[in-house]
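Engineer: Please find final_39.cif (mmCIF, C-alpha atoms and all ligand atoms) on the next line:
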data_data
#
loop_
_atom_site.label_atom_id
_atom_site.label_comp_id
_atom_site.auth_asym_id
_atom_site.auth_seq_id
_atom_site.Cartn_x
_atom_site.Cartn_y
_atom_site.Cartn_z
CA MET A 1 25.03 -51.78 32.10
CA LYS A 2 21.84 -52.96 30.36
CA ILE A 3 20.93 -51.04 27.20
CA THR A 4 17.45 -50.83 25.71
CA ALA A 5 17.53 -50.12 21.98
CA LEU A 6 14.61 -49.10 19.82
CA ILE A 7 14.95 -50.02 16.15
CA CYS A 8 12.81 -47.95 13.80
CA GLY A 9 11.78 -49.53 10.51
CA GLY A 10 10.47 -52.78 9.14
CA GLY A 11 12.72 -53.56 6.18
CA ASN A 12 16.03 -55.34 5.62
CA GLY A 13 18.24 -53.39 8.02
CA ALA A 14 15.60 -53.37 10.76
CA HIS A 15 15.24 -57.16 10.52
CA VAL A 16 18.99 -57.71 10.85
CA LEU A 17 19.42 -55.38 13.80
CA ALA A 18 16.31 -56.83 15.48
CA GLY A 19 18.08 -60.21 15.41
CA LEU A 20 21.67 -59.21 16.13
CA ALA A 21 21.10 -56.65 18.93
CA PRO A 22 19.26 -58.93 21.41
CA ALA A 23 21.96 -61.55 20.86
CA GLN A 24 24.50 -59.15 22.45
CA PRO A 25 25.01 -59.29 26.24
CA ASP A 26 22.74 -56.95 28.23
CA VAL A 27 20.86 -55.56 25.23
CA GLU A 28 17.08 -55.47 24.91
CA ALA A 29 15.80 -54.63 21.41
CA ARG A 30 12.36 -53.30 20.54
CA VAL A 31 11.03 -52.55 17.05
CA LEU A 32 8.80 -49.68 16.04
CA THR A 33 7.44 -49.87 12.50
CA LEU A 34 4.84 -47.35 11.47
CA PHE A 35 4.42 -48.55 7.91
CA ALA A 36 1.14 -50.17 6.87
CA ASP A 37 0.48 -53.43 8.78
CA GLU A 38 4.14 -54.40 9.21
CA ALA A 39 4.01 -54.47 13.03
CA GLU A 40 1.00 -56.82 13.09
CA ARG A 41 2.47 -59.07 10.41
CA TRP A 42 5.89 -59.21 12.10
CA THR A 43 4.39 -59.95 15.55
CA LYS A 44 2.23 -62.72 14.11
CA ALA A 45 5.13 -64.24 12.16
CA MET A 46 7.28 -64.41 15.34
CA GLU A 47 4.62 -65.90 17.61
CA GLY A 48 6.01 -69.02 19.32
CA LYS A 49 8.90 -69.12 16.83
CA ASP A 50 12.55 -68.12 16.67
CA PHE A 51 13.83 -64.99 15.02
CA SER A 52 17.26 -65.38 13.47
CA VAL A 53 19.88 -63.92 11.18
CA ASP A 54 22.19 -65.90 8.88
CA CYS A 55 25.53 -64.09 8.83
CA HIS A 56 27.89 -64.87 5.93
CA ALA A 57 31.59 -64.22 6.61
CA GLY A 58 34.78 -65.82 5.27
CA GLY A 59 32.87 -68.56 3.43
CA LYS A 60 31.02 -69.61 6.61
CA VAL A 61 27.42 -68.96 7.72
CA THR A 62 26.63 -68.35 11.40
CA ASN A 63 23.00 -68.47 12.51
CA VAL A 64 22.42 -65.82 15.20
CA VAL A 65 19.23 -66.21 17.23
CA GLY A 66 17.91 -63.12 19.01
CA LYS A 67 14.34 -61.99 19.35
CA PRO A 68 13.09 -58.42 19.81
CA SER A 69 11.01 -58.04 23.00
CA ILE A 70 8.21 -56.22 21.15
CA VAL A 71 7.33 -55.21 17.58
CA THR A 72 4.72 -52.49 17.51
CA LYS A 73 3.38 -49.48 15.64
CA ASP A 74 2.55 -47.76 18.93
CA PRO A 75 5.33 -45.40 20.11
CA ALA A 76 3.76 -45.32 23.60
CA LYS A 77 4.57 -49.03 23.94
CA ALA A 78 7.97 -48.86 22.25
CA ALA A 79 9.66 -45.67 23.42
CA PRO A 80 9.43 -45.30 27.22
CA GLY A 81 12.71 -46.23 28.93
CA VAL A 82 14.84 -46.61 25.80
CA ASP A 83 18.48 -45.51 25.89
CA ILE A 84 19.14 -45.47 22.16
CA ILE A 85 16.96 -45.18 19.04
CA VAL A 86 18.35 -46.44 15.73
CA PHE A 87 16.71 -45.44 12.43
CA THR A 88 17.25 -48.14 9.80
CA VAL A 89 14.80 -46.90 7.15
CA PRO A 90 15.15 -44.84 3.98
CA ALA A 91 15.38 -41.08 4.63
CA PHE A 92 11.92 -40.31 3.28
CA ALA A 93 10.44 -42.23 6.24
CA HIS A 94 12.48 -40.44 8.98
CA ALA A 95 10.08 -37.53 9.48
CA GLY A 96 7.19 -39.87 10.36
CA TYR A 97 9.28 -41.54 13.09
CA LEU A 98 10.53 -38.21 14.43
CA GLU A 99 6.95 -36.89 14.70
CA ALA A 100 5.71 -40.09 16.37
CA LEU A 101 8.57 -40.19 18.90
CA LYS A 102 8.60 -36.48 19.75
CA PRO A 103 6.46 -36.84 22.93
CA TYR A 104 8.92 -39.42 24.30
CA VAL A 105 12.19 -37.54 23.79
CA LYS A 106 14.12 -37.26 27.04
CA PRO A 107 17.46 -35.66 27.92
CA GLY A 108 20.35 -38.11 27.61
CA LEU A 109 18.74 -40.06 24.76
CA VAL A 110 20.95 -41.21 21.86
CA LEU A 111 19.45 -41.05 18.35
CA VAL A 112 21.21 -42.74 15.44
CA GLY A 113 20.62 -42.40 11.72
CA CYS A 114 22.03 -45.61 10.27
CA PRO A 115 22.31 -44.44 7.60
CA GLY A 116 21.38 -40.86 8.48
CA GLN A 117 21.61 -39.67 4.88
CA ALA A 118 21.76 -36.02 3.90
CA GLY A 119 20.01 -33.61 6.25
CA PHE A 120 19.31 -36.07 9.10
CA GLU A 121 20.39 -33.53 11.74
CA PHE A 122 18.23 -30.78 10.19
CA ALA A 123 15.15 -33.01 10.32
CA VAL A 124 15.86 -33.97 13.96
CA ARG A 125 16.39 -30.38 15.09
CA GLY A 126 13.51 -29.10 12.93
CA ILE A 127 10.96 -31.62 14.19
CA TRP A 128 12.09 -32.16 17.80
CA GLY A 129 12.90 -28.49 18.37
CA GLU A 130 14.11 -27.63 21.89
CA ALA A 131 13.89 -31.28 22.97
CA ALA A 132 16.66 -32.16 20.48
CA LYS A 133 19.15 -30.14 22.56
CA GLY A 134 19.36 -32.84 25.24
CA VAL A 135 19.78 -35.61 22.67
CA THR A 136 23.09 -36.98 21.35
CA ILE A 137 22.66 -37.30 17.60
CA MET A 138 24.75 -39.74 15.55
CA SER A 139 24.74 -40.23 11.82
CA PHE A 140 26.49 -42.96 9.83
CA GLU A 141 27.19 -43.03 6.14
CA SER A 142 25.67 -46.45 5.46
CA LEU A 143 24.14 -49.56 6.98
CA PRO A 144 26.68 -51.84 8.69
CA TRP A 145 25.73 -54.71 6.37
CA ALA A 146 24.72 -55.71 2.87
CA CYS A 147 21.57 -57.50 3.91
CA ARG A 148 17.99 -58.52 3.26
CA PHE A 149 15.20 -60.24 5.08
CA LEU A 150 14.52 -63.76 3.86
CA GLU A 151 11.20 -64.37 5.61
CA PHE A 152 9.29 -61.34 6.89
CA GLY A 153 9.25 -61.25 10.70
CA ARG A 154 11.24 -64.49 11.00
CA LYS A 155 14.60 -64.54 9.28
CA ALA A 156 17.17 -62.22 7.76
CA GLU A 157 20.49 -62.59 6.02
CA VAL A 158 23.73 -60.62 6.26
CA LEU A 159 25.59 -61.07 2.98
CA GLY A 160 28.54 -58.98 4.13
CA THR A 161 29.53 -56.89 7.16
CA LYS A 162 31.63 -53.76 6.74
CA GLY A 163 34.95 -53.78 8.59
CA THR A 164 34.49 -50.18 9.67
CA LEU A 165 31.62 -47.70 9.52
CA GLN A 166 32.18 -43.95 9.40
CA GLY A 167 29.95 -41.60 11.32
CA ALA A 168 29.83 -38.46 13.41
CA VAL A 169 28.40 -37.52 16.81
CA ASN A 170 26.83 -34.34 18.06
CA ALA A 171 26.79 -34.46 21.84
CA GLY A 172 23.57 -33.35 23.52
CA CYS A 173 23.68 -31.01 26.49
CA THR A 174 22.72 -33.98 28.70
CA ALA A 175 25.23 -36.82 28.48
CA PRO A 176 23.91 -40.35 27.83
CA PRO A 177 24.52 -43.04 30.49
CA MET A 178 27.56 -44.24 28.55
CA ASP A 179 29.62 -42.95 25.61
CA ALA A 180 27.27 -42.89 22.60
CA THR A 181 29.66 -44.61 20.17
CA ALA A 182 30.39 -47.33 22.75
CA MET A 183 26.66 -47.74 23.36
CA LEU A 184 25.91 -48.29 19.68
CA GLN A 185 28.90 -50.64 19.39
CA LYS A 186 27.47 -52.68 22.30
CA VAL A 187 24.15 -52.92 20.43
CA LEU A 188 25.76 -53.92 17.10
CA GLY A 189 28.41 -56.27 18.42
CA PRO A 190 32.12 -56.12 17.52
CA LEU A 191 31.69 -55.44 13.76
CA PRO A 192 31.71 -53.11 12.00
CA LYS A 193 34.12 -51.07 14.09
CA LEU A 194 32.46 -47.68 14.47
CA LEU A 195 34.68 -44.72 13.60
CA THR A 196 33.21 -41.38 14.62
CA SER A 197 34.91 -38.10 13.87
CA GLY A 198 34.18 -34.62 12.58
CA HIS A 199 30.97 -32.63 12.38
CA LEU A 200 27.60 -34.24 11.60
CA ILE A 201 27.33 -32.07 8.49
CA GLY A 202 30.30 -34.00 7.13
CA ILE A 203 28.06 -37.09 7.03
CA THR A 204 25.37 -35.08 5.24
CA LEU A 205 27.94 -34.06 2.64
CA MET A 206 29.24 -37.65 2.39
CA ALA A 207 25.78 -39.10 1.69
CA THR A 208 27.33 -39.75 -1.71
CA ASN A 209 24.36 -41.45 -3.42
CA GLY A 210 22.57 -38.12 -3.08
CA TYR A 211 24.75 -36.64 -5.79
CA LEU A 212 26.25 -39.73 -7.44
CA HIS A 213 22.94 -40.90 -8.89
CA PRO A 214 21.61 -37.48 -10.05
CA SER A 215 24.99 -36.61 -11.64
CA ILE A 216 25.05 -39.82 -13.69
CA MET A 217 21.35 -39.42 -14.58
CA CYS A 218 21.83 -35.84 -15.72
CA GLY A 219 25.09 -36.58 -17.55
CA HIS A 220 23.44 -39.41 -19.47
CA TRP A 221 19.94 -38.08 -20.22
CA GLU A 222 20.32 -34.30 -20.36
CA LYS A 223 20.60 -34.37 -24.15
CA TRP A 224 18.33 -37.38 -24.70
CA ASP A 225 16.55 -37.10 -28.03
CA GLY A 226 13.49 -39.09 -26.91
CA LYS A 227 14.45 -42.22 -28.90
CA THR A 228 13.67 -45.52 -27.19
CA MET A 229 16.36 -48.19 -26.63
CA GLN A 230 16.63 -51.91 -27.26
CA GLU A 231 17.86 -52.42 -23.69
CA PRO A 232 18.53 -50.27 -20.60
CA PRO A 233 22.10 -48.86 -20.69
CA LEU A 234 24.55 -49.75 -17.92
CA PHE A 235 24.33 -47.18 -15.13
CA TYR A 236 27.78 -47.26 -13.52
CA ASN A 237 29.93 -49.39 -15.81
CA GLY A 238 28.49 -47.50 -18.79
CA VAL A 239 29.30 -44.05 -17.38
CA SER A 240 30.71 -41.57 -19.93
CA LYS A 241 33.77 -39.38 -19.36
CA GLU A 242 31.47 -36.33 -19.45
CA SER A 243 29.18 -37.75 -16.72
CA ALA A 244 32.17 -38.66 -14.57
CA GLN A 245 33.49 -35.11 -15.04
CA LEU A 246 30.14 -33.65 -13.95
CA LEU A 247 30.21 -35.90 -10.88
CA SER A 248 33.77 -34.82 -10.11
CA ASP A 249 32.80 -31.14 -10.48
CA VAL A 250 29.89 -31.58 -8.04
CA SER A 251 32.24 -33.38 -5.67
CA ASP A 252 34.64 -30.40 -5.86
CA GLU A 253 31.73 -28.18 -4.79
CA VAL A 254 31.01 -30.49 -1.85
CA VAL A 255 34.66 -30.46 -0.75
CA ALA A 256 34.83 -26.66 -1.16
CA THR A 257 31.73 -26.37 1.04
CA ALA A 258 33.36 -28.46 3.77
CA LYS A 259 36.61 -26.46 3.61
CA THR A 260 34.73 -23.16 3.78
CA LEU A 261 32.73 -24.31 6.80
CA GLU A 262 35.95 -25.28 8.55
CA GLU A 263 37.51 -21.90 7.76
CA LYS A 264 34.49 -19.87 8.82
CA CYS A 265 33.56 -21.81 11.98
CA LYS A 266 36.39 -21.97 14.55
CA GLY A 267 36.86 -25.39 16.10
CA VAL A 268 34.67 -27.24 13.59
CA CYS A 269 36.31 -30.30 11.96
CA MET A 270 35.12 -31.35 8.52
CA GLY A 271 37.95 -33.85 8.04
CA ASN A 272 35.32 -36.54 7.38
CA VAL A 273 34.58 -35.05 3.92
CA SER A 274 36.56 -36.17 0.90
CA HIS A 275 36.30 -36.09 -2.90
CA MET A 276 34.24 -38.83 -4.56
CA TYR A 277 37.44 -40.29 -6.06
CA GLN A 278 38.94 -40.81 -2.58
CA TRP A 279 35.60 -42.23 -1.42
CA TYR A 280 35.70 -44.84 -4.20
CA LEU A 281 39.25 -45.85 -3.28
CA ARG A 282 38.22 -46.20 0.38
CA CYS A 283 34.92 -48.04 -0.12
CA TYR A 284 35.50 -50.06 -3.29
CA GLY A 285 39.30 -50.45 -3.35
CA ASN A 286 39.10 -54.24 -3.84
CA ASP A 287 36.43 -54.09 -6.56
CA ILE A 288 38.05 -51.62 -8.97
CA ASP A 289 40.21 -52.93 -11.82
CA ASP A 290 41.58 -49.51 -12.91
CA LYS A 291 42.06 -46.88 -10.19
CA THR A 292 43.45 -44.17 -12.49
CA ASP A 293 40.69 -41.62 -11.91
CA LEU A 294 37.04 -41.25 -10.94
CA TYR A 295 35.87 -42.28 -14.42
CA THR A 296 37.83 -45.56 -14.39
CA CYS A 297 36.84 -46.25 -10.76
CA ILE A 298 33.18 -46.33 -11.81
CA LYS A 299 33.66 -47.83 -15.26
CA THR A 300 35.74 -50.78 -13.99
CA ASN A 301 34.01 -51.36 -10.65
CA ARG A 302 33.04 -55.04 -10.42
CA ALA A 303 30.58 -54.38 -7.57
CA TYR A 304 28.37 -52.62 -10.13
CA LYS A 305 28.34 -55.39 -12.72
CA GLY A 306 25.10 -55.47 -14.73
CA LEU A 307 23.37 -52.56 -12.92
CA THR A 308 21.41 -50.53 -15.46
CA HIS A 309 19.74 -47.15 -15.72
CA PRO A 310 16.18 -47.16 -14.34
CA CYS A 311 13.97 -47.71 -17.39
CA THR A 312 10.38 -48.62 -18.18
CA ALA A 313 9.48 -51.21 -20.80
CA ASN A 314 7.31 -49.96 -23.64
CA GLU A 315 4.56 -52.02 -25.31
CA ASP A 316 6.75 -52.68 -28.35
CA GLY A 317 9.49 -54.17 -26.12
CA SER A 318 11.75 -51.11 -26.25
CA PHE A 319 12.85 -49.13 -23.17
CA SER A 320 12.59 -45.49 -22.07
CA PRO A 321 14.30 -43.82 -19.07
CA ASN A 322 12.31 -43.80 -15.83
CA PHE A 323 12.64 -40.35 -14.30
CA GLY A 324 10.22 -41.34 -11.50
CA TYR A 325 12.83 -43.66 -9.94
CA ARG A 326 14.41 -42.98 -6.52
CA TYR A 327 17.66 -41.81 -8.18
CA MET A 328 15.62 -38.68 -8.91
CA THR A 329 12.60 -38.61 -6.59
CA GLU A 330 14.63 -39.32 -3.42
CA ASP A 331 18.15 -38.29 -4.36
CA LEU A 332 17.18 -34.76 -5.33
CA PRO A 333 15.09 -33.71 -2.27
CA PHE A 334 17.05 -35.89 0.21
CA GLY A 335 20.44 -35.51 -1.44
CA ILE A 336 21.80 -32.92 -3.80
CA VAL A 337 19.27 -30.23 -2.83
CA VAL A 338 20.37 -30.65 0.81
CA MET A 339 24.02 -30.25 -0.19
CA ARG A 340 23.12 -27.18 -2.27
CA GLY A 341 21.38 -25.82 0.84
CA VAL A 342 24.51 -26.28 2.96
CA ALA A 343 26.71 -24.74 0.23
CA THR A 344 24.36 -21.74 0.03
CA ILE A 345 24.77 -21.00 3.74
CA ALA A 346 28.54 -21.53 3.49
CA GLY A 347 28.57 -19.04 0.58
CA VAL A 348 30.08 -21.50 -1.94
CA PRO A 349 29.04 -21.19 -5.62
CA THR A 350 27.52 -24.39 -7.05
CA PRO A 351 27.04 -24.08 -10.83
CA HIS A 352 27.30 -27.85 -11.36
CA MET A 353 24.82 -28.78 -8.64
CA ASP A 354 22.50 -26.15 -10.05
CA ARG A 355 22.69 -27.59 -13.57
CA ILE A 356 21.56 -30.98 -12.22
CA ILE A 357 18.84 -29.59 -9.97
CA TYR A 358 17.35 -27.40 -12.73
CA TRP A 359 17.37 -30.35 -15.12
CA GLY A 360 15.86 -32.78 -12.59
CA GLN A 361 13.21 -30.51 -11.10
CA LYS A 362 11.78 -29.78 -14.55
CA LEU A 363 11.42 -33.48 -15.34
CA MET A 364 9.85 -34.18 -11.94
CA GLY A 365 7.47 -31.22 -12.05
CA LYS A 366 9.08 -29.82 -8.89
CA GLU A 367 10.41 -26.40 -8.01
CA TYR A 368 13.46 -26.17 -5.77
CA LEU A 369 15.73 -23.57 -7.41
CA VAL A 370 14.19 -20.33 -8.66
CA ASP A 371 16.43 -17.53 -10.01
CA GLY A 372 19.44 -19.31 -8.54
CA GLU A 373 17.98 -19.49 -5.03
CA LEU A 374 16.45 -22.33 -3.02
CA LYS A 375 13.08 -20.62 -2.75
CA GLY A 376 10.87 -22.87 -4.91
CA LYS A 377 7.50 -24.04 -3.62
CA ASP A 378 8.77 -27.60 -3.05
CA ILE A 379 11.62 -26.68 -0.68
CA PRO A 380 9.52 -27.62 2.41
CA SER A 381 9.33 -31.21 1.14
CA THR A 382 13.14 -31.49 1.03
CA ARG A 383 15.63 -32.06 3.88
CA SER A 384 17.59 -28.91 3.04
CA PRO A 385 18.41 -26.71 6.04
CA GLN A 386 16.20 -24.03 4.45
CA ALA A 387 13.18 -26.35 4.78
CA TYR A 388 13.61 -26.10 8.57
CA GLY A 389 14.24 -22.36 8.65
CA ILE A 390 18.01 -22.82 9.08
CA ASN A 391 19.65 -19.96 7.18
CA THR A 392 22.71 -18.84 9.14
CA LEU A 393 26.08 -20.47 9.74
CA GLU A 394 25.47 -20.57 13.49
CA ALA A 395 22.13 -22.33 13.07
CA LEU A 396 23.54 -24.65 10.40
CA MET A 397 26.42 -25.85 12.57
CA GLY A 398 24.30 -25.92 15.75
CA LEU A 399 26.76 -23.51 17.39
P1 LIG A 401 14.26 -51.19 2.97
O1 LIG A 401 14.14 -50.94 1.50
O2 LIG A 401 14.19 -52.61 3.41
O3 LIG A 401 13.15 -50.34 3.70
C1 LIG A 401 11.85 -50.68 3.49
C2 LIG A 401 11.10 -50.29 4.73
O4 LIG A 401 10.92 -48.88 4.75
C3 LIG A 401 9.72 -50.89 4.75
O5 LIG A 401 9.77 -52.20 5.26
C4 LIG A 401 9.02 -49.91 5.66
O6 LIG A 401 9.28 -50.20 7.02
C5 LIG A 401 9.67 -48.59 5.31
N1 LIG A 401 8.84 -47.90 4.32
C6 LIG A 401 8.73 -48.18 3.01
N2 LIG A 401 7.86 -47.34 2.41
C7 LIG A 401 7.41 -46.51 3.38
C8 LIG A 401 6.51 -45.43 3.40
N3 LIG A 401 5.89 -45.02 2.29
N4 LIG A 401 6.31 -44.80 4.57
C9 LIG A 401 6.95 -45.19 5.70
N5 LIG A 401 7.83 -46.22 5.74
C10 LIG A 401 8.04 -46.86 4.60
O7 LIG A 401 15.55 -50.49 3.52
P2 LIG A 401 16.89 -51.19 3.99
O8 LIG A 401 17.36 -52.13 2.93
O9 LIG A 401 16.72 -51.66 5.38
O10 LIG A 401 17.87 -49.95 3.97
C11 LIG A 401 17.74 -48.87 4.88
C12 LIG A 401 18.63 -47.76 4.36
O11 LIG A 401 19.97 -48.27 4.27
C13 LIG A 401 18.26 -47.29 2.96
O12 LIG A 401 18.49 -45.92 2.88
C14 LIG A 401 19.23 -48.04 2.06
O13 LIG A 401 19.49 -47.33 0.86
C15 LIG A 401 20.46 -48.14 2.94
N6 LIG A 401 21.32 -49.31 2.66
C16 LIG A 401 20.80 -50.56 2.57
C17 LIG A 401 21.65 -51.65 2.36
C18 LIG A 401 21.12 -53.06 2.29
O14 LIG A 401 21.90 -53.98 2.02
N7 LIG A 401 19.85 -53.32 2.55
C19 LIG A 401 23.03 -51.44 2.24
C20 LIG A 401 23.53 -50.14 2.37
C21 LIG A 401 22.67 -49.08 2.59
#
What is this structure when it is put down as structure tokens?
Structural biologist:
Amino acid sequence: MKITALICGGGNGAHVLAGLAPAQPDVEARVLTLFADEAERWTKAMEGKDFSVDCHAGGKVTNVVGKPSIVTKDPAKAAPGVDIIVFTVPAFAHAGYLEALKPYVKPGLVLVGCPGQAGFEFAVRGIWGEAAKGVTIMSFESLPWACRFLEFGRKAEVLGTKGTLQGAVNAGCTAPPMDATAMLQKVLGPLPKLLTSGHLIGITLMATNGYLHPSIMCGHWEKWDGKTMQEPPLFYNGVSKESAQLLSDVSDEVVATAKTLEEKCKGVCMGNVSHMYQWYLRCYGNDIDDKTDLYTCIKTNRAYKGLTHPCTANEDGSFSPNFGYRYMTEDLPFGIVVMRGVATIAGVPTPHMDRIIYWGQKLMGKEYLVDGELKGKDIPSTRSPQAYGINTLEALMGL
């Protein structure tokens, strides 16, 4: 069966998928990028030329040639007749694509967030409304590759491909023409092997960056005395025991939320949610020198070598923390605030999440939590369930 895939985005992941998907048998790939002039630039760059992806694996590089049939900013040209839509853009851009594609949603469509990141399913149901009911929604916890584009609109590079990729599926009331996981696997090729299990909300809760970054930021800077530094401190490898404990406490709240949802909602499986420590062992097992606990997993993780706290350089050459970086501006509204929103509906107390959110919102001039409730004026700009009017367990779980 021929599959037509629509790739949404114009960055690294979109470039790689736009090259790899059309190289698979019976797959047509189209690209929709709404951002700035990316569609025009990409189309021009490809004119009369190849589009290819260099894939690094086992010390070898394979050049995969596969050209998307169209790159456009016009959903009317991109969307009709597609079987599967794959979002490969940061979460803050998802709403724009959902709005643009809404008129073209048809029963039996498969929509994939790759990665979906926290609250993907709330945004889909909130923006597509009734039409979302006929759609099979999938969300994955990361991109399949560590990748970048080398030449815009011409060439991309896969530095590493994951062996497996964890995700979840919510079947629509109209079945797609083939099993949704098999369809996406056909589009991606054999690797990574897609593993789908559990409820979609498990993937929201396992969007770990959404609480990893804010926990380390808060743990490090909460008591900052305003003194500048000679150089930016190490972000992961410089983590303190106190910050790691805060992260572990937030992770306990996430796990408690998942367990409570499973207990309260018959038939719902949240087995795809685990503590951050287990997540590190699963995802970074080969990179960690000391696996004793969460603290040592971060402190001795070679994959993080040299990565520093986001800082700005001052005129005198010293450094100050940058609280306008995505570890705050994206990871609060599209991360920990979403998890707090799920925990609220589950009825799970979240004192540690709240400590981080109160600290972060003040620095960012935002208002999410007020008097211990998610009722601040900036809630509509988050991906929390509350932003989409989802306030009951039934609505949350899509039951
Ligand atoms: P990217 O940084 O390349 O995305 C940039 C693209 O996002 C732009 O090209 C544009 O199409 C869109 N964009 C940027 N600003 C926008 C705006 N203001 N409005 C609308 N669209 C805008 O992203 P990526 O590297 O492809 O990663 C996609 C997601 O996967 C991200 O969430 C990233 O954290 C995650 N991820 C990436 C990698 C990787 O190796 N690249 C690995 C794991 C996970």
Engineer: Measure the distance from CA of Asp331 (chain A) to CA of Phe140 (chain A) in Å and round it to one decimal.
Structural biologist: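 Taking CA of Asp331 (chain A) and CA of Phe140 (chain A), their separation equals 17.1 Å.
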Engineer: Per residue of chain A within 10 Å of ligand LIG 401 (chain A), which atom pair is closest and at what distance in Å (one decimal), using all atoms listed in the file, listed by chain and increasing number, as CSV?
Structural biologist:
residue,atom,partner,partner_atom,distance
A:Cys8,CA,A:LIG401,O6,8.0
A:Gly9,CA,A:LIG401,O6,4.3
A:Gly10,CA,A:LIG401,O6,3.5
A:Gly11,CA,A:LIG401,O2,3.3
A:Asn12,CA,A:LIG401,O9,3.8
A:Gly13,CA,A:LIG401,O9,3.5
A:Ala14,CA,A:LIG401,O9,5.8
A:His15,CA,A:LIG401,O9,7.7
A:Val16,CA,A:LIG401,O9,8.5
A:Leu17,CA,A:LIG401,O9,9.6
A:Leu32,CA,A:LIG401,O6,9.0
A:Thr33,CA,A:LIG401,O6,5.8
A:Leu34,CA,A:LIG401,C9,6.5
A:Phe35,CA,A:LIG401,N5,4.7
A:Ala36,CA,A:LIG401,C9,7.7
A:Asp37,CA,A:LIG401,O6,9.5
A:Glu38,CA,A:LIG401,O6,7.0
A:Ala39,CA,A:LIG401,O6,9.1
A:Phe87,CA,A:LIG401,C11,8.4
A:Thr88,CA,A:LIG401,C11,5.0
A:Val89,CA,A:LIG401,C11,4.2
A:Pro90,CA,A:LIG401,O12,3.7
A:Ala91,CA,A:LIG401,O12,6.0
A:Phe92,CA,A:LIG401,N4,7.3
A:Ala93,CA,A:LIG401,C9,4.6
A:His94,CA,A:LIG401,C9,8.0
A:Ala95,CA,A:LIG401,C9,9.1
A:Gly96,CA,A:LIG401,C9,7.1
A:Tyr97,CA,A:LIG401,C9,8.6
A:Gly113,CA,A:LIG401,C12,9.3
A:Cys114,CA,A:LIG401,O11,6.9
A:Pro115,CA,A:LIG401,O11,5.6
A:Gly116,CA,A:LIG401,O12,8.1
A:Gln117,CA,A:LIG401,O12,7.3
A:Glu141,CA,A:LIG401,C21,8.3
A:Ser142,CA,A:LIG401,C21,4.9
A:Leu143,CA,A:LIG401,C21,4.7
A:Pro144,CA,A:LIG401,C20,7.3
A:Trp145,CA,A:LIG401,O14,5.8
A:Ala146,CA,A:LIG401,O14,3.4
A:Cys147,CA,A:LIG401,O14,4.0
A:Arg148,CA,A:LIG401,N7,5.6
A:Phe149,CA,A:LIG401,O2,7.9
A:Phe152,CA,A:LIG401,O5,9.3
A:Glu157,CA,A:LIG401,O14,9.6
A:Val158,CA,A:LIG401,O14,8.1
A:Leu159,CA,A:LIG401,O14,8.1
A:Gly160,CA,A:LIG401,O14,8.6
A:Thr161,CA,A:LIG401,O14,9.6
A:Lys162,CA,A:LIG401,C20,9.9
A:Asn209,CA,A:LIG401,O13,8.8
A:Arg326,CA,A:LIG401,O13,10.0
A:Glu330,CA,A:LIG401,O12,9.9
Engineer: Give the answer as one residue: which of A:Ser197, A:Ser248, A:Ser243, A:Glu222 has the shortest atom-to-atom distance to Val273 (chain A), using only C-alpha atoms?
Structural biologist: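 Residue with the minimum atom-to-atom distance to Val273 (chain A): A:Ser197.
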Engineer: Name the residues in contact with region 298-313 of chain A at a cut-off of 6 Å, using only C-alpha atoms, excluding same-chain residues fewer than 4 positions from it; report them as an NGL selection string.
Structural biologist: :A and (232-237 or 287-289 or 318-322)
Engineer: Using all atoms listed in the file - which residues lie no farther than 12 Å from the point (20.8, -34.6, -7.1) in the file's frame? Write them as JSON, numbers by chain.
Structural biologist: {"A": [118, 207, 208, 209, 210, 211, 212, 213, 214, 215, 216, 217, 218, 219, 246, 247, 250, 251, 326, 327, 328, 329, 330, 331, 332, 333, 334, 335, 336, 337, 338, 339, 340, 341, 352, 353, 354, 355, 356, 357, 358, 359, 360, 361, 364, 368, 382]}
Engineer: Would you mind reading off the distance between CA of Glu231 (chain A) and CA of Gly317 (chain A), one decimal, in Å?
Structural biologist: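 Taking CA of Glu231 (chain A) as the start and CA of Gly317 (chain A) as the end point, the length is 8.9 Å.
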Engineer: Please measure the separation of CA of Leu188 (chain A) and CA of Ser69 (chain A), giving the value in Å to one decimal.
Structural biologist: 16.4 Å
Engineer: Excluding Thr344 (chain A) and its own-chain neighbours fewer than 5 positions away, which residues fall within 12 Å of it when counting all atoms listed in the file? Please give them as a list in words.
Structural biologist: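 After dropping sequence-adjacent residues, the list is Glu253, Val254, Ala256, Thr257, Ala258, Thr260, Leu261, Val337, Val338, Met339, Pro349, Thr350, Pro351, Met353, Asp354, Leu369, Gly372, Glu373, Leu374, Lys375, Ser384, Pro385, Gln386, Ile390, Asn391, Thr392, Leu393 and Leu396 of chain A.
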Engineer: Kindly indicate which residue among A:Asp225, A:Glu151, A:Glu262, A:Glu130 lies nearest to Gly202 (chain A), using only C-alpha atoms for the distances.
Structural biologist: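 Closest to Gly202 (chain A) of all the choices is A:Glu262.
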Engineer: Which residue is closest to Asp26 (chain A)? Choose from A:Lys155, A:Lys44, A:Lys186, A:Lys106 and count all atoms listed in the file.
Structural biologist: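 Using all atoms listed in the file, the shortest distance to Asp26 (chain A) belongs to A:Lys186.
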Engineer: Restricting the calculation to only C-alpha atoms: of A:Val255, A:Ala175, A:Met1, A:Leu20, which residue gets closest to Val64 (chain A)?
Structural biologist: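 The answer is A:Leu20, which sits nearest to Val64 (chain A).
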Engineer: I'd like the contact shell of Glu394 (chain A) - 10 Å cut-off, all atoms listed in the file, skipping same-chain residues fewer than 4 positions apart - returned as a compact mmCIF listing (two decimals) with C-alpha atoms, in the coordinates of the input.
Structural biologist:
# COMPACT_ATOMS: atom_id res chain seq x y z
CA CYS A 265 33.56 -21.81 11.98
CA ILE A 345 24.77 -21.00 3.74
CA ILE A 390 18.01 -22.82 9.08
CA GLY A 398 24.30 -25.92 15.75
CA LEU A 399 26.76 -23.51 17.39
